[in-house]
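Raw upload05.cif, mmCIF, N, CA and C atoms:
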```cif
data_protein
#
loop_
_atom_site.label_atom_id
_atom_site.label_comp_id
_atom_site.auth_asym_id
_atom_site.auth_seq_id
_atom_site.Cartn_x
_atom_site.Cartn_y
_atom_site.Cartn_z
N MET F 1 -15.82 21.20 21.52
CA MET F 1 -14.67 21.86 20.90
C MET F 1 -13.74 20.84 20.22
N THR F 2 -13.43 19.75 20.93
CA THR F 2 -12.54 18.74 20.37
C THR F 2 -13.17 18.08 19.14
N THR F 3 -14.46 17.82 19.22
CA THR F 3 -15.14 17.18 18.10
C THR F 3 -15.11 18.08 16.86
N ASN F 4 -15.36 19.38 17.05
CA ASN F 4 -15.30 20.30 15.93
C ASN F 4 -13.91 20.36 15.32
N MET F 5 -12.88 20.37 16.18
CA MET F 5 -11.50 20.42 15.69
C MET F 5 -11.17 19.13 14.93
N ASN F 6 -11.60 18.00 15.46
CA ASN F 6 -11.37 16.72 14.77
C ASN F 6 -12.03 16.73 13.40
N LYS F 7 -13.25 17.26 13.33
CA LYS F 7 -13.95 17.31 12.05
C LYS F 7 -13.24 18.24 11.07
N ILE F 8 -12.76 19.37 11.55
CA ILE F 8 -12.04 20.31 10.68
C ILE F 8 -10.77 19.66 10.15
N VAL F 9 -10.01 19.02 11.03
CA VAL F 9 -8.77 18.35 10.60
C VAL F 9 -9.09 17.24 9.61
N HIS F 10 -10.10 16.43 9.91
CA HIS F 10 -10.47 15.32 9.02
C HIS F 10 -10.91 15.83 7.65
N ASP F 11 -11.78 16.83 7.65
CA ASP F 11 -12.28 17.36 6.37
C ASP F 11 -11.17 18.01 5.55
N THR F 12 -10.27 18.73 6.22
CA THR F 12 -9.15 19.37 5.52
C THR F 12 -8.22 18.31 4.93
N TRP F 13 -7.94 17.28 5.72
CA TRP F 13 -7.10 16.16 5.24
C TRP F 13 -7.74 15.53 4.01
N GLN F 14 -9.03 15.24 4.08
CA GLN F 14 -9.73 14.62 2.95
C GLN F 14 -9.70 15.51 1.71
N LEU F 15 -9.87 16.80 1.91
CA LEU F 15 -9.89 17.73 0.79
C LEU F 15 -8.55 17.77 0.06
N ILE F 16 -7.46 17.64 0.82
CA ILE F 16 -6.13 17.73 0.21
C ILE F 16 -5.60 16.36 -0.21
N MET F 17 -5.72 15.37 0.66
CA MET F 17 -5.03 14.10 0.44
C MET F 17 -5.87 13.03 -0.26
N ASN F 18 -7.17 13.14 -0.24
CA ASN F 18 -8.02 12.14 -0.88
C ASN F 18 -8.09 12.42 -2.37
N HIS F 19 -7.52 11.53 -3.18
CA HIS F 19 -7.44 11.76 -4.62
C HIS F 19 -8.81 11.74 -5.29
N GLN F 20 -9.84 11.30 -4.57
CA GLN F 20 -11.18 11.31 -5.15
C GLN F 20 -11.94 12.59 -4.82
N ARG F 21 -11.36 13.43 -3.93
CA ARG F 21 -12.03 14.68 -3.56
C ARG F 21 -11.25 15.92 -3.97
N ASN F 22 -9.93 15.82 -4.07
CA ASN F 22 -9.16 17.02 -4.42
C ASN F 22 -9.25 17.26 -5.94
N PRO F 23 -8.77 18.39 -6.42
CA PRO F 23 -8.89 18.70 -7.86
C PRO F 23 -8.17 17.71 -8.77
N LEU F 24 -7.28 16.90 -8.24
CA LEU F 24 -6.60 15.90 -9.07
C LEU F 24 -7.54 14.78 -9.51
N LYS F 25 -8.74 14.74 -8.95
CA LYS F 25 -9.70 13.70 -9.34
C LYS F 25 -10.05 13.76 -10.82
N HIS F 26 -9.77 14.90 -11.45
CA HIS F 26 -10.09 15.05 -12.88
C HIS F 26 -9.04 14.39 -13.78
N ILE F 27 -7.90 13.99 -13.21
CA ILE F 27 -6.89 13.25 -13.99
C ILE F 27 -7.35 11.80 -14.04
N PRO F 28 -7.64 11.28 -15.22
CA PRO F 28 -8.24 9.94 -15.31
C PRO F 28 -7.30 8.79 -14.90
N ASP F 29 -6.00 8.95 -15.12
CA ASP F 29 -5.06 7.87 -14.84
C ASP F 29 -4.60 7.94 -13.39
N LEU F 30 -4.84 6.86 -12.63
CA LEU F 30 -4.47 6.82 -11.22
C LEU F 30 -2.97 6.94 -11.02
N ASN F 31 -2.17 6.33 -11.91
CA ASN F 31 -0.71 6.42 -11.79
C ASN F 31 -0.22 7.86 -11.96
N THR F 32 -0.80 8.58 -12.90
CA THR F 32 -0.43 9.98 -13.11
C THR F 32 -0.82 10.81 -11.90
N ARG F 33 -2.01 10.54 -11.38
CA ARG F 33 -2.47 11.24 -10.18
C ARG F 33 -1.51 11.02 -9.02
N HIS F 34 -1.07 9.77 -8.87
CA HIS F 34 -0.11 9.44 -7.81
C HIS F 34 1.21 10.19 -8.02
N MET F 35 1.68 10.24 -9.25
CA MET F 35 2.94 10.93 -9.54
C MET F 35 2.83 12.42 -9.22
N VAL F 36 1.72 13.04 -9.56
CA VAL F 36 1.52 14.45 -9.25
C VAL F 36 1.54 14.66 -7.73
N MET F 37 0.90 13.75 -6.99
CA MET F 37 0.94 13.86 -5.52
C MET F 37 2.36 13.70 -5.00
N GLN F 38 3.14 12.82 -5.60
CA GLN F 38 4.55 12.65 -5.21
C GLN F 38 5.33 13.94 -5.43
N VAL F 39 5.15 14.54 -6.59
CA VAL F 39 5.86 15.79 -6.90
C VAL F 39 5.47 16.89 -5.91
N LEU F 40 4.18 16.97 -5.60
CA LEU F 40 3.75 17.96 -4.61
C LEU F 40 4.37 17.69 -3.23
N ALA F 41 4.45 16.43 -2.86
CA ALA F 41 5.06 16.08 -1.57
C ALA F 41 6.53 16.49 -1.54
N TRP F 42 7.25 16.21 -2.62
CA TRP F 42 8.66 16.61 -2.69
C TRP F 42 8.79 18.13 -2.65
N MET F 43 7.90 18.83 -3.34
CA MET F 43 7.93 20.28 -3.32
C MET F 43 7.78 20.80 -1.89
N TRP F 44 6.84 20.24 -1.14
CA TRP F 44 6.65 20.69 0.24
C TRP F 44 7.84 20.33 1.11
N CYS F 45 8.48 19.20 0.86
CA CYS F 45 9.72 18.87 1.59
C CYS F 45 10.77 19.95 1.38
N ILE F 46 10.94 20.34 0.13
CA ILE F 46 11.95 21.35 -0.21
C ILE F 46 11.59 22.70 0.40
N VAL F 47 10.32 23.08 0.32
CA VAL F 47 9.89 24.37 0.86
C VAL F 47 10.13 24.44 2.37
N PHE F 48 9.73 23.40 3.09
CA PHE F 48 9.94 23.41 4.54
C PHE F 48 11.42 23.37 4.89
N SER F 49 12.21 22.64 4.11
CA SER F 49 13.65 22.59 4.37
C SER F 49 14.29 23.95 4.16
N MET F 50 13.88 24.64 3.11
CA MET F 50 14.42 25.98 2.87
C MET F 50 13.97 26.94 3.97
N TYR F 51 12.76 26.78 4.44
CA TYR F 51 12.25 27.64 5.50
C TYR F 51 13.05 27.44 6.79
N PHE F 52 13.33 26.19 7.12
CA PHE F 52 14.10 25.91 8.33
C PHE F 52 15.60 26.06 8.11
N GLY F 53 16.03 26.21 6.85
CA GLY F 53 17.41 26.51 6.54
C GLY F 53 18.39 25.37 6.64
N SER F 54 17.94 24.16 6.39
CA SER F 54 18.86 23.03 6.51
C SER F 54 18.54 21.97 5.46
N MET F 55 19.57 21.54 4.78
CA MET F 55 19.39 20.44 3.83
C MET F 55 19.23 19.12 4.56
N TRP F 56 19.71 19.06 5.81
CA TRP F 56 19.49 17.85 6.61
C TRP F 56 17.99 17.64 6.82
N VAL F 57 17.29 18.75 7.07
CA VAL F 57 15.84 18.65 7.24
C VAL F 57 15.21 18.13 5.96
N PHE F 58 15.69 18.61 4.81
CA PHE F 58 15.16 18.13 3.54
C PHE F 58 15.37 16.62 3.40
N GLY F 59 16.58 16.17 3.70
CA GLY F 59 16.87 14.74 3.57
C GLY F 59 15.97 13.89 4.44
N ILE F 60 15.81 14.32 5.67
CA ILE F 60 14.98 13.56 6.61
C ILE F 60 13.51 13.59 6.18
N THR F 61 13.01 14.77 5.84
CA THR F 61 11.60 14.85 5.45
C THR F 61 11.34 14.17 4.11
N ALA F 62 12.30 14.22 3.21
CA ALA F 62 12.12 13.55 1.91
C ALA F 62 12.02 12.04 2.11
N ILE F 63 12.91 11.49 2.92
CA ILE F 63 12.88 10.05 3.19
C ILE F 63 11.59 9.67 3.90
N ALA F 64 11.19 10.50 4.87
CA ALA F 64 9.95 10.22 5.59
C ALA F 64 8.75 10.25 4.65
N HIS F 65 8.72 11.22 3.74
CA HIS F 65 7.62 11.30 2.78
C HIS F 65 7.59 10.08 1.85
N VAL F 66 8.74 9.63 1.41
CA VAL F 66 8.78 8.46 0.54
C VAL F 66 8.19 7.25 1.26
N PHE F 67 8.61 7.02 2.49
CA PHE F 67 8.10 5.86 3.24
C PHE F 67 6.60 5.98 3.50
N ILE F 68 6.16 7.15 3.92
CA ILE F 68 4.74 7.33 4.23
C ILE F 68 3.88 7.20 2.98
N ILE F 69 4.29 7.85 1.91
CA ILE F 69 3.50 7.81 0.67
C ILE F 69 3.48 6.40 0.09
N CYS F 70 4.61 5.72 0.11
CA CYS F 70 4.64 4.34 -0.39
C CYS F 70 3.75 3.43 0.45
N ALA F 71 3.75 3.61 1.76
CA ALA F 71 2.90 2.80 2.62
C ALA F 71 1.43 3.07 2.34
N VAL F 72 1.08 4.32 2.14
CA VAL F 72 -0.31 4.67 1.83
C VAL F 72 -0.71 4.10 0.47
N VAL F 73 0.15 4.23 -0.52
CA VAL F 73 -0.15 3.72 -1.86
C VAL F 73 -0.31 2.20 -1.83
N LEU F 74 0.58 1.50 -1.13
CA LEU F 74 0.49 0.05 -1.03
C LEU F 74 -0.80 -0.37 -0.34
N THR F 75 -1.18 0.35 0.70
CA THR F 75 -2.43 0.04 1.41
C THR F 75 -3.63 0.27 0.52
N VAL F 76 -3.67 1.40 -0.17
CA VAL F 76 -4.79 1.70 -1.06
C VAL F 76 -4.85 0.68 -2.19
N ALA F 77 -3.70 0.33 -2.75
CA ALA F 77 -3.68 -0.66 -3.84
C ALA F 77 -4.19 -2.02 -3.36
N THR F 78 -3.81 -2.40 -2.16
CA THR F 78 -4.29 -3.67 -1.59
C THR F 78 -5.79 -3.63 -1.38
N PHE F 79 -6.30 -2.53 -0.83
CA PHE F 79 -7.74 -2.40 -0.61
C PHE F 79 -8.50 -2.40 -1.93
N GLU F 80 -7.98 -1.70 -2.92
CA GLU F 80 -8.65 -1.65 -4.24
C GLU F 80 -8.65 -3.03 -4.89
N THR F 81 -7.54 -3.74 -4.78
CA THR F 81 -7.48 -5.09 -5.34
C THR F 81 -8.46 -6.01 -4.64
N ALA F 82 -8.55 -5.89 -3.32
CA ALA F 82 -9.50 -6.71 -2.57
C ALA F 82 -10.93 -6.39 -2.95
N LYS F 83 -11.21 -5.12 -3.24
CA LYS F 83 -12.56 -4.72 -3.61
C LYS F 83 -12.92 -5.15 -5.03
N ARG F 84 -11.99 -4.94 -5.96
CA ARG F 84 -12.28 -5.20 -7.37
C ARG F 84 -12.08 -6.65 -7.79
N LYS F 85 -11.09 -7.30 -7.18
CA LYS F 85 -10.77 -8.68 -7.57
C LYS F 85 -10.36 -9.47 -6.33
N PRO F 86 -11.31 -9.83 -5.47
CA PRO F 86 -10.97 -10.50 -4.22
C PRO F 86 -10.30 -11.86 -4.40
N THR F 87 -10.50 -12.50 -5.55
CA THR F 87 -9.88 -13.80 -5.76
C THR F 87 -8.39 -13.69 -6.06
N PHE F 88 -7.88 -12.48 -6.25
CA PHE F 88 -6.46 -12.28 -6.52
C PHE F 88 -5.59 -12.88 -5.43
N PHE F 89 -6.06 -12.84 -4.20
CA PHE F 89 -5.27 -13.30 -3.07
C PHE F 89 -5.33 -14.81 -2.88
N LEU F 90 -6.16 -15.49 -3.66
CA LEU F 90 -6.27 -16.94 -3.57
C LEU F 90 -5.57 -17.56 -4.77
N LYS F 91 -4.72 -18.48 -4.52
CA LYS F 91 -3.98 -19.14 -5.59
C LYS F 91 -4.61 -20.50 -5.88
N GLU F 92 -4.58 -20.89 -7.14
CA GLU F 92 -5.07 -22.20 -7.52
C GLU F 92 -4.04 -23.25 -7.12
N GLY F 93 -4.53 -24.40 -6.73
CA GLY F 93 -3.62 -25.49 -6.41
C GLY F 93 -2.92 -25.29 -5.08
N TYR F 94 -1.71 -25.76 -5.00
CA TYR F 94 -0.95 -25.75 -3.75
C TYR F 94 -0.54 -24.34 -3.39
N HIS F 95 -0.90 -23.87 -2.20
CA HIS F 95 -0.56 -22.51 -1.83
C HIS F 95 -0.06 -22.35 -0.40
N THR F 96 0.32 -23.44 0.25
CA THR F 96 0.88 -23.32 1.59
C THR F 96 2.39 -23.46 1.50
N PRO F 97 3.13 -22.36 1.61
CA PRO F 97 4.57 -22.42 1.42
C PRO F 97 5.33 -23.10 2.56
N SER F 98 4.68 -23.27 3.71
CA SER F 98 5.39 -23.82 4.85
C SER F 98 5.46 -25.34 4.86
N ARG F 99 4.82 -25.99 3.90
CA ARG F 99 4.82 -27.44 3.86
C ARG F 99 5.34 -27.92 2.52
N SER F 100 6.22 -28.87 2.54
CA SER F 100 6.77 -29.42 1.31
C SER F 100 5.66 -30.09 0.51
N ARG F 101 5.77 -29.98 -0.80
CA ARG F 101 4.75 -30.58 -1.66
C ARG F 101 4.91 -32.09 -1.74
N TYR F 102 6.06 -32.58 -1.41
CA TYR F 102 6.29 -34.02 -1.46
C TYR F 102 6.83 -34.50 -0.13
N MET F 103 6.56 -35.76 0.15
CA MET F 103 7.06 -36.36 1.37
C MET F 103 7.73 -37.68 0.98
N TYR F 104 8.82 -37.99 1.66
CA TYR F 104 9.56 -39.22 1.40
C TYR F 104 9.51 -40.11 2.63
N TYR F 105 9.29 -41.40 2.40
CA TYR F 105 9.30 -42.36 3.48
C TYR F 105 10.12 -43.57 3.04
N LYS F 106 11.18 -43.85 3.78
CA LYS F 106 12.11 -44.94 3.47
C LYS F 106 12.62 -44.85 2.04
N GLY F 107 12.96 -43.63 1.64
CA GLY F 107 13.56 -43.40 0.33
C GLY F 107 12.58 -43.35 -0.83
N LYS F 108 11.29 -43.54 -0.57
CA LYS F 108 10.30 -43.52 -1.64
C LYS F 108 9.41 -42.28 -1.48
N ARG F 109 9.18 -41.65 -2.61
CA ARG F 109 8.36 -40.44 -2.60
C ARG F 109 6.88 -40.80 -2.51
N ILE F 110 6.18 -40.13 -1.59
CA ILE F 110 4.74 -40.30 -1.44
C ILE F 110 4.07 -39.11 -2.11
N LYS F 111 3.24 -39.37 -3.09
CA LYS F 111 2.56 -38.29 -3.82
C LYS F 111 1.26 -37.97 -3.11
N TYR F 112 1.02 -36.68 -2.94
CA TYR F 112 -0.24 -36.23 -2.35
C TYR F 112 -1.35 -36.26 -3.38
N ASP F 113 -2.56 -36.26 -2.91
CA ASP F 113 -3.73 -36.18 -3.77
C ASP F 113 -3.68 -34.85 -4.53
N ASP F 114 -4.04 -34.86 -5.80
CA ASP F 114 -4.00 -33.65 -6.62
C ASP F 114 -4.94 -32.56 -6.10
N ASN F 115 -5.99 -32.93 -5.40
CA ASN F 115 -6.93 -31.96 -4.85
C ASN F 115 -6.49 -31.41 -3.49
N ASP F 116 -5.40 -31.92 -2.95
CA ASP F 116 -4.90 -31.48 -1.65
C ASP F 116 -4.21 -30.11 -1.83
N LYS F 117 -4.76 -29.09 -1.16
CA LYS F 117 -4.19 -27.76 -1.25
C LYS F 117 -3.09 -27.56 -0.24
N GLY F 118 -2.87 -28.49 0.64
CA GLY F 118 -1.83 -28.36 1.64
C GLY F 118 -2.35 -27.69 2.89
N GLY F 119 -1.49 -27.62 3.86
CA GLY F 119 -1.88 -27.02 5.13
C GLY F 119 -2.49 -28.04 6.04
N GLU F 120 -2.46 -27.78 7.32
CA GLU F 120 -2.96 -28.75 8.29
C GLU F 120 -4.45 -28.64 8.52
N HIS F 121 -5.04 -27.47 8.23
CA HIS F 121 -6.42 -27.25 8.63
C HIS F 121 -7.36 -27.07 7.46
N GLU F 122 -7.01 -27.59 6.33
CA GLU F 122 -7.88 -27.38 5.16
C GLU F 122 -8.66 -28.63 4.84
#
```
Could you quickly redo this structure as structure tokens?
Amino acid sequence: MTTNMNKIVHDTWQLIMNHQRNPLKHIPDLNTRHMVMQVLAWMWCIVFSMYFGSMWVFGITAIAHVFIICAVVLTVATFETAKRKPTFFLKEGYHTPSRSRYMYYKGKRIKYDDNDKGGEHE
């Protein structure tokens, strides 16, 4: 029983929220698709707020929807970037922000090797 219910919930969620399975998949531009999903989310915030009869509910649900949708979009964008362009997360040259690029000893600057990417374990 629990497995069937989990499958029903999962499939329903995918049908509505997965932009590659719902009818919005026919919109070619991902940004437009995202905007349409945002508008639908705001519409549902307003509908539920009117149903419960409180604008406070609208404010709370609207803020919650913004945070949740932004978190989902950021996660999907990160995953897509990692899939399509994995080198995006690697920077050329010095990329360790926790270590100074230069070191001074007795008032004289010591220059690191140009091939040194920084960090203690590289």
**Message:** Can you pull out every residue from region 6-51 of chain F that DSSP, working from the backbone, puts in helix (DSSP H, G or I), and format the result as a VMD selection string?
**Reply:** chain F and resid 6 to 17 23 to 26 30 to 51
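With only C-alpha atoms as the atoms that count, the residue of F:Thr12, F:Phe58, F:His65, F:Leu30 with the shortest distance to Glu80 (chain F) is F:Leu30.
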**Item:** Nearest-residue call for Val66 (chain F), choices F:Leu15, F:Val36, F:Ile8, F:Ala41, using all atoms listed in the file
**Value:** F:Ala41
Can you report as JSON the centre and edge lengths in Å, to one decimal, of an axis-aligned box around the listed atoms of region 3-17 of chain F padded with 6 Å on each side?
```
{"center_x": -10.2, "center_y": 16.7, "center_z": 9.5, "size_x": 22.3, "size_y": 19.4, "size_z": 31.5}
```
**Request:** Could you check how far atom N of Val9 (chain F) sits from atom C of Arg21 (chain F), in Å to one decimal?
**Result:**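 Interatomic distance here is 15.4 Å.
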**Item:** atom N of Ile63 (chain F) to atom C of Tyr51 (chain F), straight-line distance in Å
**Value:**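 Value for the atom C of Tyr51 (chain F)-atom N of Ile63 (chain F) distance: 16.4 Å.
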**Request:** Return the single residue from F:Asp11, F:His19, F:Thr75, F:Asp113 that is closest to His34 (chain F), with distances computed using only C-alpha atoms.
**Result:**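 Under the stated criterion, the closest residue is F:His19.
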**atom N of Ile16 (chain F) to atom C of Met37 (chain F), distance in Å rounded to a single decimal** =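 These two atoms are separated by 12.1 Å.
In terms of minimum interatomic distance to Val73 (chain F), F:Gln38 ranks closest within F:Thr3, F:Gln14, F:Ser49, F:Gln38, counting only C-alpha atoms.
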